[in-house]
Amino acid sequence: MMKKLVSIHYTPVVFNIAFLLLRLVFGIAMCVNHGFPKLVGFAEKKEKFVNFLGLGSTTTLVLVIFAEVFCPVLIILGLFTRLSAVPIVFAMGYAFFISHGGDFWGDGEAAALFMTAFGTILLCGPGKISVDGLIQK
């Protein structure tokens with residue numbers, strides 16, 4: 001039993017279950033806790049949201065809502081997973097490094113964790129328990 005706990009080996013089944021859990025937990029958390037409040041509070045937030053690269057605060061908010069609501073839904077399903085992870089990683093990178101000043105031990109912790117989780121999904125893909133996995137069979 002102890003040998004199994006310290007082993008660096010894993011089965012493909014365990015890998016696929018782990019990535020399903022990673023996609024579900026972080027996708028749902030991103031969508032429900034961060035994206036959905038921005039979507040329903042769009043009218044109040046659009047004028048005072050950050051103006052990224054001179055795009056305007058409304059356009060920036062629309063892009064962030066896309067990254068925090070629609071992209072996580074695709075990741076939860078495992079559909080266009082790697083492509084869907086890119087906007088999230090970018091948005092969380094901006095949130096962590098610019099908005100929170102790289103403060104991992106304070107306000108930037110959630111952005112850093114989301115950036116890491118979705119960056120891992122970007123690098124490794126969704127696993128076989130996904131729409132992408134079913135399409136590639």
# chains A, B, ... in the order shown; residues from 1 in each chain; ligands from 1
>>> residues_around(residues="stretch 34-51 of chain A", least_positions_apart="3", cutoff="7 Å", atoms="only C-alpha atoms", output="VMD selection string")
chain A and resid 30 to 31 54 to 58 60 to 61 65 68 to 69
>>> residues_around(residues="stretch 126-133 of chain A", least_positions_apart="2", cutoff="7 Å", atoms="only C-alpha atoms", output="PyMOL selection string")
chain A and resi 16+19-20+77-81+121+124+135-137
>>> closest_residue(among="A:Ala117, A:Ala110, A:Ala91, A:Val64", to="A:Ala18", atoms="only C-alpha atoms")
A:Ala117
>>> select_by_dssp(residues="stretch 19-126 of chain A", states="alpha helix (DSSP H)", output="PyMOL selection string")
chain A and resi 19-29+36-40+42-45+57-65+71-77+81-94+109-124
>>> closest_residue(among="A:Asp103, A:Leu74, A:Leu134, A:Val89", to="A:Met115", atoms="only C-alpha atoms")
A:Val89
>>> atom_distance(atom1="atom CA of A:Cys71", atom2="atom CA of A:Ile88")
7.2 Å
>>> closest_residue(among="A:Pro72, A:Pro12, A:Gly93, A:Gly119", to="A:Val32", atoms="only C-alpha atoms")
A:Pro72
>>> closest_residue(among="A:Leu53, A:Leu123, A:Leu113, A:Ala29", to="A:Ile76", atoms="only C-alpha atoms")
A:Ala29
